[in-house]
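Raw contents of input_16.tsv, TSV, N, CA and C atoms:
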```
chain	number	residue	atom	x	y	z
M	1	MET	N	-81.05	-6.51	-31.33
M	1	MET	CA	-80.23	-5.46	-31.92
M	1	MET	C	-80.11	-5.70	-33.43
M	2	SER	N	-80.34	-4.66	-34.18
M	2	SER	CA	-80.24	-4.74	-35.62
M	2	SER	C	-78.78	-4.74	-36.05
M	3	ASN	N	-78.43	-5.62	-36.99
M	3	ASN	CA	-77.05	-5.70	-37.47
M	3	ASN	C	-76.61	-4.43	-38.18
M	4	ASP	N	-77.57	-3.67	-38.68
M	4	ASP	CA	-77.21	-2.46	-39.43
M	4	ASP	C	-77.27	-1.20	-38.57
M	5	ASP	N	-77.40	-1.36	-37.27
M	5	ASP	CA	-77.40	-0.21	-36.35
M	5	ASP	C	-76.01	0.42	-36.36
M	6	ILE	N	-75.88	1.57	-36.97
M	6	ILE	CA	-74.57	2.22	-37.12
M	6	ILE	C	-73.89	2.47	-35.78
M	7	PHE	N	-74.66	2.71	-34.75
M	7	PHE	CA	-74.06	3.01	-33.45
M	7	PHE	C	-73.51	1.74	-32.81
M	8	ALA	N	-74.21	0.64	-32.96
M	8	ALA	CA	-73.68	-0.64	-32.48
M	8	ALA	C	-72.43	-1.03	-33.27
M	9	VAL	N	-72.45	-0.78	-34.57
M	9	VAL	CA	-71.30	-1.09	-35.41
M	9	VAL	C	-70.08	-0.27	-34.96
M	10	LYS	N	-70.28	1.00	-34.69
M	10	LYS	CA	-69.18	1.86	-34.26
M	10	LYS	C	-68.71	1.50	-32.84
M	11	TYR	N	-69.64	1.12	-31.97
M	11	TYR	CA	-69.30	0.66	-30.62
M	11	TYR	C	-68.41	-0.58	-30.71
M	12	ARG	N	-68.80	-1.53	-31.55
M	12	ARG	CA	-68.00	-2.76	-31.72
M	12	ARG	C	-66.66	-2.44	-32.38
M	13	ALA	N	-66.64	-1.49	-33.31
M	13	ALA	CA	-65.38	-1.09	-33.95
M	13	ALA	C	-64.43	-0.47	-32.93
M	14	MET	N	-64.97	0.29	-31.98
M	14	MET	CA	-64.14	0.87	-30.93
M	14	MET	C	-63.50	-0.24	-30.10
M	15	TYR	N	-64.30	-1.22	-29.70
M	15	TYR	CA	-63.74	-2.34	-28.93
M	15	TYR	C	-62.71	-3.12	-29.74
M	16	ARG	N	-62.99	-3.36	-31.01
M	16	ARG	CA	-62.04	-4.08	-31.87
M	16	ARG	C	-60.72	-3.33	-31.92
M	17	ALA	N	-60.78	-2.01	-32.06
M	17	ALA	CA	-59.55	-1.20	-32.09
M	17	ALA	C	-58.83	-1.27	-30.75
M	18	MET	N	-59.58	-1.31	-29.65
M	18	MET	CA	-58.96	-1.42	-28.33
M	18	MET	C	-58.29	-2.78	-28.17
M	19	ILE	N	-58.93	-3.84	-28.60
M	19	ILE	CA	-58.36	-5.19	-28.52
M	19	ILE	C	-57.10	-5.29	-29.37
M	20	GLU	N	-57.14	-4.70	-30.55
M	20	GLU	CA	-56.00	-4.74	-31.48
M	20	GLU	C	-54.94	-3.68	-31.18
M	21	LYS	N	-55.20	-2.83	-30.18
M	21	LYS	CA	-54.30	-1.73	-29.83
M	21	LYS	C	-54.03	-0.84	-31.05
M	22	ASN	N	-55.11	-0.58	-31.78
M	22	ASN	CA	-55.03	0.17	-33.03
M	22	ASN	C	-55.39	1.64	-32.79
M	23	GLY	N	-54.37	2.43	-32.49
M	23	GLY	CA	-54.57	3.85	-32.21
M	23	GLY	C	-55.10	4.62	-33.41
M	24	THR	N	-54.71	4.23	-34.60
M	24	THR	CA	-55.18	4.91	-35.81
M	24	THR	C	-56.69	4.74	-35.95
M	25	ALA	N	-57.18	3.53	-35.75
M	25	ALA	CA	-58.62	3.29	-35.84
M	25	ALA	C	-59.37	4.03	-34.74
M	26	LEU	N	-58.83	4.03	-33.52
M	26	LEU	CA	-59.47	4.78	-32.44
M	26	LEU	C	-59.53	6.26	-32.77
M	27	ASN	N	-58.45	6.79	-33.28
M	27	ASN	CA	-58.40	8.21	-33.64
M	27	ASN	C	-59.50	8.57	-34.62
M	28	GLU	N	-59.80	7.68	-35.55
M	28	GLU	CA	-60.84	7.93	-36.55
M	28	GLU	C	-62.25	7.82	-35.97
M	29	LEU	N	-62.43	7.03	-34.94
M	29	LEU	CA	-63.75	6.82	-34.33
M	29	LEU	C	-64.11	7.87	-33.29
M	30	LEU	N	-63.08	8.49	-32.70
M	30	LEU	CA	-63.29	9.40	-31.58
M	30	LEU	C	-63.22	10.86	-32.03
M	31	GLU	N	-64.15	11.64	-31.55
M	31	GLU	CA	-64.19	13.07	-31.82
M	31	GLU	C	-62.99	13.74	-31.14
M	32	SER	N	-62.55	14.87	-31.64
M	32	SER	CA	-61.31	15.50	-31.15
M	32	SER	C	-61.33	15.84	-29.67
M	33	HIS	N	-62.51	16.14	-29.12
M	33	HIS	CA	-62.61	16.48	-27.69
M	33	HIS	C	-63.11	15.29	-26.86
M	34	PHE	N	-62.92	14.08	-27.38
M	34	PHE	CA	-63.36	12.86	-26.70
M	34	PHE	C	-62.84	12.79	-25.27
M	35	ALA	N	-63.67	12.23	-24.40
M	35	ALA	CA	-63.26	11.93	-23.02
M	35	ALA	C	-63.88	10.61	-22.60
M	36	LEU	N	-63.08	9.81	-21.89
M	36	LEU	CA	-63.56	8.58	-21.28
M	36	LEU	C	-63.59	8.80	-19.78
M	37	VAL	N	-64.74	8.56	-19.16
M	37	VAL	CA	-64.86	8.65	-17.71
M	37	VAL	C	-64.93	7.22	-17.20
M	38	HIS	N	-63.88	6.80	-16.50
M	38	HIS	CA	-63.80	5.44	-15.95
M	38	HIS	C	-64.76	5.29	-14.79
M	39	MET	N	-65.04	4.05	-14.40
M	39	MET	CA	-65.96	3.81	-13.30
M	39	MET	C	-65.43	4.37	-11.98
M	40	THR	N	-64.13	4.64	-11.90
M	40	THR	CA	-63.54	5.26	-10.71
M	40	THR	C	-63.75	6.77	-10.69
M	41	GLY	N	-64.23	7.33	-11.81
M	41	GLY	CA	-64.39	8.77	-11.94
M	41	GLY	C	-63.23	9.42	-12.66
M	42	MET	N	-62.13	8.68	-12.86
M	42	MET	CA	-60.99	9.22	-13.59
M	42	MET	C	-61.40	9.55	-15.02
M	43	ARG	N	-60.94	10.69	-15.50
M	43	ARG	CA	-61.29	11.16	-16.84
M	43	ARG	C	-60.03	11.18	-17.71
M	44	GLN	N	-60.11	10.57	-18.89
M	44	GLN	CA	-59.01	10.58	-19.85
M	44	GLN	C	-59.46	11.28	-21.12
M	45	ASN	N	-58.59	12.15	-21.65
M	45	ASN	CA	-58.90	12.76	-22.94
M	45	ASN	C	-58.50	11.79	-24.06
M	46	LYS	N	-58.78	12.18	-25.27
M	46	LYS	CA	-58.54	11.31	-26.43
M	46	LYS	C	-57.10	10.85	-26.50
M	47	ARG	N	-56.17	11.76	-26.42
M	47	ARG	CA	-54.75	11.42	-26.54
M	47	ARG	C	-54.32	10.45	-25.44
M	48	GLU	N	-54.71	10.74	-24.20
M	48	GLU	CA	-54.35	9.88	-23.06
M	48	GLU	C	-54.95	8.49	-23.21
M	49	PHE	N	-56.21	8.43	-23.63
M	49	PHE	CA	-56.89	7.16	-23.79
M	49	PHE	C	-56.21	6.31	-24.86
M	50	ILE	N	-55.97	6.89	-26.03
M	50	ILE	CA	-55.34	6.13	-27.12
M	50	ILE	C	-53.96	5.65	-26.68
M	51	ARG	N	-53.21	6.50	-26.03
M	51	ARG	CA	-51.86	6.10	-25.55
M	51	ARG	C	-51.97	4.95	-24.55
M	52	ALA	N	-52.93	5.00	-23.64
M	52	ALA	CA	-53.10	3.93	-22.64
M	52	ALA	C	-53.45	2.60	-23.31
M	53	VAL	N	-54.23	2.65	-24.38
M	53	VAL	CA	-54.57	1.43	-25.12
M	53	VAL	C	-53.33	0.92	-25.86
M	54	GLU	N	-52.64	1.80	-26.55
M	54	GLU	CA	-51.47	1.38	-27.33
M	54	GLU	C	-50.36	0.80	-26.46
M	55	THR	N	-50.17	1.33	-25.26
M	55	THR	CA	-49.08	0.87	-24.39
M	55	THR	C	-49.48	-0.31	-23.50
M	56	GLY	N	-50.76	-0.67	-23.49
M	56	GLY	CA	-51.20	-1.79	-22.67
M	56	GLY	C	-51.58	-1.41	-21.25
M	57	THR	N	-51.60	-0.12	-20.94
M	57	THR	CA	-52.11	0.31	-19.64
M	57	THR	C	-53.57	-0.09	-19.52
M	58	LEU	N	-54.28	0.02	-20.63
M	58	LEU	CA	-55.64	-0.50	-20.77
M	58	LEU	C	-55.54	-1.65	-21.76
M	59	ASN	N	-55.65	-2.86	-21.27
M	59	ASN	CA	-55.42	-4.07	-22.06
M	59	ASN	C	-56.74	-4.82	-22.24
M	60	TYR	N	-57.25	-4.86	-23.45
M	60	TYR	CA	-58.52	-5.53	-23.73
M	60	TYR	C	-58.26	-6.78	-24.57
M	61	PHE	N	-58.96	-7.88	-24.22
M	61	PHE	CA	-58.76	-9.15	-24.91
M	61	PHE	C	-59.99	-9.59	-25.70
M	62	SER	N	-61.19	-9.30	-25.19
M	62	SER	CA	-62.40	-9.65	-25.92
M	62	SER	C	-63.58	-8.83	-25.39
M	63	GLU	N	-64.62	-8.77	-26.22
M	63	GLU	CA	-65.85	-8.06	-25.87
M	63	GLU	C	-67.01	-8.80	-26.50
M	64	ASP	N	-68.09	-9.00	-25.74
M	64	ASP	CA	-69.28	-9.67	-26.24
M	64	ASP	C	-70.50	-8.82	-25.86
M	65	LEU	N	-71.06	-8.12	-26.83
M	65	LEU	CA	-72.20	-7.25	-26.59
M	65	LEU	C	-73.43	-8.08	-26.23
M	66	GLN	N	-74.02	-7.80	-25.07
M	66	GLN	CA	-75.17	-8.53	-24.57
M	66	GLN	C	-76.49	-7.79	-24.78
M	67	GLU	N	-76.42	-6.47	-24.67
M	67	GLU	CA	-77.63	-5.66	-24.75
M	67	GLU	C	-77.24	-4.27	-25.23
M	68	ALA	N	-78.12	-3.66	-26.02
M	68	ALA	CA	-77.84	-2.32	-26.54
M	68	ALA	C	-79.12	-1.51	-26.58
M	69	ARG	N	-78.95	-0.22	-26.38
M	69	ARG	CA	-80.08	0.72	-26.44
M	69	ARG	C	-79.59	2.01	-27.08
M	70	THR	N	-80.37	2.55	-27.98
M	70	THR	CA	-80.04	3.80	-28.65
M	70	THR	C	-81.15	4.81	-28.38
M	71	ILE	N	-80.76	6.00	-27.93
M	71	ILE	CA	-81.72	7.09	-27.72
M	71	ILE	C	-81.26	8.28	-28.55
M	72	VAL	N	-82.15	8.76	-29.41
M	72	VAL	CA	-81.83	9.89	-30.27
M	72	VAL	C	-82.29	11.18	-29.59
M	73	HIS	N	-81.37	12.10	-29.42
M	73	HIS	CA	-81.66	13.42	-28.88
M	73	HIS	C	-81.54	14.44	-30.01
M	74	LYS	N	-81.81	15.68	-29.73
M	74	LYS	CA	-81.77	16.71	-30.77
M	74	LYS	C	-80.38	16.87	-31.37
M	75	ASP	N	-79.34	16.95	-30.52
M	75	ASP	CA	-77.99	17.25	-31.00
M	75	ASP	C	-77.01	16.10	-30.89
M	76	PHE	N	-77.45	14.96	-30.37
M	76	PHE	CA	-76.55	13.82	-30.21
M	76	PHE	C	-77.37	12.54	-30.07
M	77	VAL	N	-76.66	11.42	-30.10
M	77	VAL	CA	-77.28	10.11	-29.89
M	77	VAL	C	-76.56	9.46	-28.72
M	78	GLN	N	-77.34	8.87	-27.81
M	78	GLN	CA	-76.77	8.14	-26.69
M	78	GLN	C	-76.94	6.65	-26.97
M	79	PHE	N	-75.82	5.94	-26.97
M	79	PHE	CA	-75.83	4.50	-27.16
M	79	PHE	C	-75.34	3.87	-25.87
M	80	THR	N	-76.12	2.95	-25.33
M	80	THR	CA	-75.70	2.23	-24.13
M	80	THR	C	-75.48	0.78	-24.52
M	81	GLY	N	-74.25	0.32	-24.28
M	81	GLY	CA	-73.90	-1.07	-24.56
M	81	GLY	C	-73.53	-1.78	-23.28
M	82	LYS	N	-74.13	-2.95	-23.08
M	82	LYS	CA	-73.77	-3.80	-21.95
M	82	LYS	C	-73.03	-5.00	-22.53
M	83	SER	N	-71.76	-5.12	-22.14
M	83	SER	CA	-70.91	-6.15	-22.72
M	83	SER	C	-70.20	-6.96	-21.64
M	84	ILE	N	-69.84	-8.17	-22.00
M	84	ILE	CA	-68.94	-8.97	-21.19
M	84	ILE	C	-67.55	-8.71	-21.77
M	85	VAL	N	-66.66	-8.16	-20.94
M	85	VAL	CA	-65.35	-7.71	-21.42
M	85	VAL	C	-64.25	-8.40	-20.63
M	86	ASP	N	-63.29	-8.96	-21.35
M	86	ASP	CA	-62.10	-9.57	-20.76
M	86	ASP	C	-61.00	-8.53	-20.86
M	87	ALA	N	-60.49	-8.07	-19.70
M	87	ALA	CA	-59.52	-6.98	-19.72
M	87	ALA	C	-58.62	-7.02	-18.49
M	88	ALA	N	-57.48	-6.37	-18.63
M	88	ALA	CA	-56.56	-6.10	-17.52
M	88	ALA	C	-56.20	-4.63	-17.63
M	89	VAL	N	-56.53	-3.85	-16.62
M	89	VAL	CA	-56.32	-2.41	-16.71
M	89	VAL	C	-55.50	-1.88	-15.54
M	90	PHE	N	-54.69	-0.88	-15.85
M	90	PHE	CA	-53.89	-0.17	-14.84
M	90	PHE	C	-53.06	-1.12	-13.98
M	91	GLY	N	-52.49	-2.15	-14.61
M	91	GLY	CA	-51.59	-3.05	-13.89
M	91	GLY	C	-52.28	-4.13	-13.08
M	92	GLY	N	-53.60	-4.14	-13.09
M	92	GLY	CA	-54.34	-5.18	-12.36
M	92	GLY	C	-54.36	-6.47	-13.15
M	93	GLY	N	-54.82	-7.51	-12.51
M	93	GLY	CA	-54.92	-8.80	-13.18
M	93	GLY	C	-56.02	-8.83	-14.21
M	94	ARG	N	-55.97	-9.85	-15.02
M	94	ARG	CA	-56.96	-10.05	-16.07
M	94	ARG	C	-58.26	-10.54	-15.45
M	95	HIS	N	-59.37	-9.89	-15.81
M	95	HIS	CA	-60.68	-10.21	-15.27
M	95	HIS	C	-61.73	-10.13	-16.36
M	96	THR	N	-62.85	-10.77	-16.11
M	96	THR	CA	-64.02	-10.62	-16.97
M	96	THR	C	-64.96	-9.65	-16.27
M	97	TRP	N	-65.34	-8.61	-16.98
M	97	TRP	CA	-66.18	-7.54	-16.43
M	97	TRP	C	-67.52	-7.51	-17.14
M	98	ARG	N	-68.56	-7.20	-16.39
M	98	ARG	CA	-69.87	-6.86	-16.95
M	98	ARG	C	-69.84	-5.34	-17.08
M	99	LEU	N	-69.38	-4.88	-18.23
M	99	LEU	CA	-69.11	-3.45	-18.42
M	99	LEU	C	-70.21	-2.79	-19.24
M	100	GLN	N	-70.71	-1.69	-18.70
M	100	GLN	CA	-71.67	-0.86	-19.43
M	100	GLN	C	-70.96	0.40	-19.87
M	101	LEU	N	-71.09	0.72	-21.14
M	101	LEU	CA	-70.57	1.98	-21.66
M	101	LEU	C	-71.75	2.82	-22.15
M	102	ASP	N	-71.87	4.01	-21.60
M	102	ASP	CA	-72.82	5.00	-22.10
M	102	ASP	C	-72.03	5.90	-23.03
M	103	VAL	N	-72.34	5.81	-24.31
M	103	VAL	CA	-71.54	6.44	-25.35
M	103	VAL	C	-72.34	7.56	-26.00
M	104	LYS	N	-71.75	8.74	-26.04
M	104	LYS	CA	-72.39	9.89	-26.70
M	104	LYS	C	-71.78	10.04	-28.09
M	105	PHE	N	-72.64	10.00	-29.10
M	105	PHE	CA	-72.24	10.20	-30.49
M	105	PHE	C	-72.67	11.58	-30.95
M	106	VAL	N	-71.78	12.26	-31.67
M	106	VAL	CA	-72.12	13.54	-32.29
M	106	VAL	C	-71.82	13.44	-33.78
M	107	PHE	N	-72.56	14.22	-34.57
M	107	PHE	CA	-72.40	14.20	-36.02
M	107	PHE	C	-71.40	15.29	-36.40
M	108	VAL	N	-70.26	14.89	-36.95
M	108	VAL	CA	-69.18	15.81	-37.30
M	108	VAL	C	-68.74	15.54	-38.74
M	109	ASP	N	-68.78	16.56	-39.56
M	109	ASP	CA	-68.30	16.44	-40.94
M	109	ASP	C	-68.83	15.20	-41.67
M	110	GLY	N	-70.14	14.94	-41.52
M	110	GLY	CA	-70.76	13.85	-42.25
M	110	GLY	C	-70.62	12.47	-41.63
M	111	ASP	N	-70.12	12.38	-40.39
M	111	ASP	CA	-69.94	11.08	-39.76
M	111	ASP	C	-70.30	11.15	-38.28
M	112	TRP	N	-70.77	10.04	-37.74
M	112	TRP	CA	-71.04	9.94	-36.32
M	112	TRP	C	-69.77	9.55	-35.60
M	113	LEU	N	-69.33	10.39	-34.66
M	113	LEU	CA	-68.12	10.14	-33.89
M	113	LEU	C	-68.45	10.04	-32.40
M	114	ILE	N	-67.64	9.31	-31.69
M	114	ILE	CA	-67.83	9.14	-30.25
M	114	ILE	C	-67.19	10.33	-29.55
M	115	SER	N	-68.00	11.07	-28.77
M	115	SER	CA	-67.47	12.26	-28.12
M	115	SER	C	-67.24	12.06	-26.62
M	116	GLU	N	-67.96	11.12	-26.02
M	116	GLU	CA	-67.80	10.92	-24.59
M	116	GLU	C	-68.30	9.52	-24.24
M	117	THR	N	-67.61	8.89	-23.31
M	117	THR	CA	-67.97	7.54	-22.89
M	117	THR	C	-67.87	7.46	-21.37
M	118	PHE	N	-68.92	6.95	-20.75
M	118	PHE	CA	-68.95	6.73	-19.30
M	118	PHE	C	-69.00	5.23	-19.04
M	119	ALA	N	-68.04	4.72	-18.26
M	119	ALA	CA	-67.97	3.29	-17.97
M	119	ALA	C	-68.53	3.00	-16.58
M	120	SER	N	-69.28	1.91	-16.49
M	120	SER	CA	-69.78	1.43	-15.20
M	120	SER	C	-69.97	-0.07	-15.33
M	121	THR	N	-70.34	-0.72	-14.24
M	121	THR	CA	-70.66	-2.14	-14.31
M	121	THR	C	-72.17	-2.30	-14.29
M	122	TRP	N	-72.62	-3.48	-14.69
M	122	TRP	CA	-74.06	-3.79	-14.66
M	122	TRP	C	-74.28	-5.16	-14.08
```
Here is a file; write its structure as structure tokens.
Amino acid sequence: MSNDDIFAVKYRAMYRAMIEKNGTALNELLESHFALVHMTGMRQNKREFIRAVETGTLNYFSEDLQEARTIVHKDFVQFTGKSIVDAAVFGGGRHTWRLQLDVKFVFVDGDWLISETFASTW
């Protein structure tokens, strides 16, 4: 993975904001119609997701990117990150997850923003 890959940088910035419970940073990274689809199929919009991070409903402690792939499409970019994630979510205990995020980036007002994220394990 190239250190200057803007999509990897933004992916890592999203995780950093989640770990720091930084709603302001998340708000800047996520497109207004952002949605997160959890591995259970539950869908959260931008406001719900940021609130869950800020309140600790989604509690992230660390992230270590293991593998990344970027695919450029005509109107968007798909970034797939496979990370080792230390988290406790929805009141469950703290666990280490092999989490894959399929992240859709769209170009809005001169910047690449995250518009949709699908979570699964790998």
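Closest approach to Phe90 (chain M) among M:Leu113, M:Val77, M:Ile71, M:Leu58 is made by M:Leu58 (distances from only C-alpha atoms).
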Which residues are near Leu30 (chain M)? Cut-off 5 Å, all atoms listed in the file, ignore same chain within fewer than 3 positions. Put them as number ranges by chain. M: 26-27, 114
Of the candidates M:Ala88, M:Val108, M:Val37, M:Val53, which shows the shortest atom-to-atom distance to Glu20 (chain M), using all atoms listed in the file?
->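 The closest residue to Glu20 (chain M) is M:Val53.
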How would you write, as a VMD selection string, the set of residues in chain M that DSSP gives as strand (DSSP E or B)?
-> chain M and resid 30 to 37 43 to 45 58 to 72 77 to 89 95 to 108 111 to 121
Of M:Asp86, M:Asp111, M:Glu54, M:Asp75, the one sitting nearest Leu99 (chain M) when using only N, CA and C atoms is M:Asp86
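The spacing separating CA of Glu48 (chain M) from atom C of Gly110 (chain M) amounts to 24.8 Å.
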Please work out which residues fall within 12 Å of (-54.4, 4.7, -33.6), coordinates as given in the file, with only C-alpha atoms counting, and return them as a ChimeraX atom specification.
-> /M:14,16-30,46-55
Extract, using only C-alpha atoms, all DNA, RNA and protein residues at most 12 Å from Ala8 (chain M), discarding same-chain residues fewer than 2 positions from it, and format them as an mmCIF file with N, CA and C atoms, in the frame of the given file.
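Saved as result35.cif:
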```cif
data_model
loop_
_atom_site.group_PDB
_atom_site.id
_atom_site.type_symbol
_atom_site.label_atom_id
_atom_site.label_comp_id
_atom_site.auth_asym_id
_atom_site.auth_seq_id
_atom_site.Cartn_x
_atom_site.Cartn_y
_atom_site.Cartn_z
ATOM 1 N N MET M 1 -81.050 -6.510 -31.330
ATOM 2 C CA MET M 1 -80.230 -5.460 -31.920
ATOM 3 C C MET M 1 -80.110 -5.700 -33.430
ATOM 4 N N SER M 2 -80.340 -4.660 -34.180
ATOM 5 C CA SER M 2 -80.240 -4.740 -35.620
ATOM 6 C C SER M 2 -78.780 -4.740 -36.050
ATOM 7 N N ASN M 3 -78.430 -5.620 -36.990
ATOM 8 C CA ASN M 3 -77.050 -5.700 -37.470
ATOM 9 C C ASN M 3 -76.610 -4.430 -38.180
ATOM 10 N N ASP M 4 -77.570 -3.670 -38.680
ATOM 11 C CA ASP M 4 -77.210 -2.460 -39.430
ATOM 12 C C ASP M 4 -77.270 -1.200 -38.570
ATOM 13 N N ASP M 5 -77.400 -1.360 -37.270
ATOM 14 C CA ASP M 5 -77.400 -0.210 -36.350
ATOM 15 C C ASP M 5 -76.010 0.420 -36.360
ATOM 16 N N ILE M 6 -75.880 1.570 -36.970
ATOM 17 C CA ILE M 6 -74.570 2.220 -37.120
ATOM 18 C C ILE M 6 -73.890 2.470 -35.780
ATOM 19 N N LYS M 10 -70.280 1.000 -34.690
ATOM 20 C CA LYS M 10 -69.180 1.860 -34.260
ATOM 21 C C LYS M 10 -68.710 1.500 -32.840
ATOM 22 N N TYR M 11 -69.640 1.120 -31.970
ATOM 23 C CA TYR M 11 -69.300 0.660 -30.620
ATOM 24 C C TYR M 11 -68.410 -0.580 -30.710
ATOM 25 N N ARG M 12 -68.800 -1.530 -31.550
ATOM 26 C CA ARG M 12 -68.000 -2.760 -31.720
ATOM 27 C C ARG M 12 -66.660 -2.440 -32.380
ATOM 28 N N ALA M 13 -66.640 -1.490 -33.310
ATOM 29 C CA ALA M 13 -65.380 -1.090 -33.950
ATOM 30 C C ALA M 13 -64.430 -0.470 -32.930
ATOM 31 N N MET M 14 -64.970 0.290 -31.980
ATOM 32 C CA MET M 14 -64.140 0.870 -30.930
ATOM 33 C C MET M 14 -63.500 -0.240 -30.100
ATOM 34 N N TYR M 15 -64.300 -1.220 -29.700
ATOM 35 C CA TYR M 15 -63.740 -2.340 -28.930
ATOM 36 C C TYR M 15 -62.710 -3.120 -29.740
ATOM 37 N N ASP M 64 -68.090 -9.000 -25.740
ATOM 38 C CA ASP M 64 -69.280 -9.670 -26.240
ATOM 39 C C ASP M 64 -70.500 -8.820 -25.860
ATOM 40 N N LEU M 65 -71.060 -8.120 -26.830
ATOM 41 C CA LEU M 65 -72.200 -7.250 -26.590
ATOM 42 C C LEU M 65 -73.430 -8.080 -26.230
ATOM 43 N N GLN M 66 -74.020 -7.800 -25.070
ATOM 44 C CA GLN M 66 -75.170 -8.530 -24.570
ATOM 45 C C GLN M 66 -76.490 -7.790 -24.780
ATOM 46 N N GLU M 67 -76.420 -6.470 -24.670
ATOM 47 C CA GLU M 67 -77.630 -5.660 -24.750
ATOM 48 C C GLU M 67 -77.240 -4.270 -25.230
ATOM 49 N N ALA M 68 -78.120 -3.660 -26.020
ATOM 50 C CA ALA M 68 -77.840 -2.320 -26.540
ATOM 51 C C ALA M 68 -79.120 -1.510 -26.580
ATOM 52 N N ARG M 69 -78.950 -0.220 -26.380
ATOM 53 C CA ARG M 69 -80.080 0.720 -26.440
ATOM 54 C C ARG M 69 -79.590 2.010 -27.080
ATOM 55 N N THR M 70 -80.370 2.550 -27.980
ATOM 56 C CA THR M 70 -80.040 3.800 -28.650
ATOM 57 C C THR M 70 -81.150 4.810 -28.380
ATOM 58 N N VAL M 77 -76.660 11.420 -30.100
ATOM 59 C CA VAL M 77 -77.280 10.110 -29.890
ATOM 60 C C VAL M 77 -76.560 9.460 -28.720
ATOM 61 N N GLN M 78 -77.340 8.870 -27.810
ATOM 62 C CA GLN M 78 -76.770 8.140 -26.690
ATOM 63 C C GLN M 78 -76.940 6.650 -26.970
ATOM 64 N N PHE M 79 -75.820 5.940 -26.970
ATOM 65 C CA PHE M 79 -75.830 4.500 -27.160
ATOM 66 C C PHE M 79 -75.340 3.870 -25.870
ATOM 67 N N THR M 80 -76.120 2.950 -25.330
ATOM 68 C CA THR M 80 -75.700 2.230 -24.130
ATOM 69 C C THR M 80 -75.480 0.780 -24.520
ATOM 70 N N GLY M 81 -74.250 0.320 -24.280
ATOM 71 C CA GLY M 81 -73.900 -1.070 -24.560
ATOM 72 C C GLY M 81 -73.530 -1.780 -23.280
ATOM 73 N N LYS M 82 -74.130 -2.950 -23.080
ATOM 74 C CA LYS M 82 -73.770 -3.800 -21.950
ATOM 75 C C LYS M 82 -73.030 -5.000 -22.530
ATOM 76 N N SER M 83 -71.760 -5.120 -22.140
ATOM 77 C CA SER M 83 -70.910 -6.150 -22.720
ATOM 78 C C SER M 83 -70.200 -6.960 -21.640
ATOM 79 N N LEU M 101 -71.090 0.720 -21.140
ATOM 80 C CA LEU M 101 -70.570 1.980 -21.660
ATOM 81 C C LEU M 101 -71.750 2.820 -22.150
ATOM 82 N N ASP M 102 -71.870 4.010 -21.600
ATOM 83 C CA ASP M 102 -72.820 5.000 -22.100
ATOM 84 C C ASP M 102 -72.030 5.900 -23.030
ATOM 85 N N VAL M 103 -72.340 5.810 -24.310
ATOM 86 C CA VAL M 103 -71.540 6.440 -25.350
ATOM 87 C C VAL M 103 -72.340 7.560 -26.000
ATOM 88 N N PHE M 105 -72.640 10.000 -29.100
ATOM 89 C CA PHE M 105 -72.240 10.200 -30.490
ATOM 90 C C PHE M 105 -72.670 11.580 -30.950
ATOM 91 N N TRP M 112 -70.770 10.040 -37.740
ATOM 92 C CA TRP M 112 -71.040 9.940 -36.320
ATOM 93 C C TRP M 112 -69.770 9.550 -35.600
ATOM 94 N N ILE M 114 -67.640 9.310 -31.690
ATOM 95 C CA ILE M 114 -67.830 9.140 -30.250
ATOM 96 C C ILE M 114 -67.190 10.330 -29.550
#
```
**Interatomic distance, CA of Gln100 (chain M) to CA of Leu36 (chain M) (Å, one decimal)** =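 Pair CA of Gln100 (chain M) / CA of Leu36 (chain M) returns 12.6 Å.
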Pairwise distance, CA of Val85 (chain M) with CA of Trp97 (chain M), equals 5.1 Å
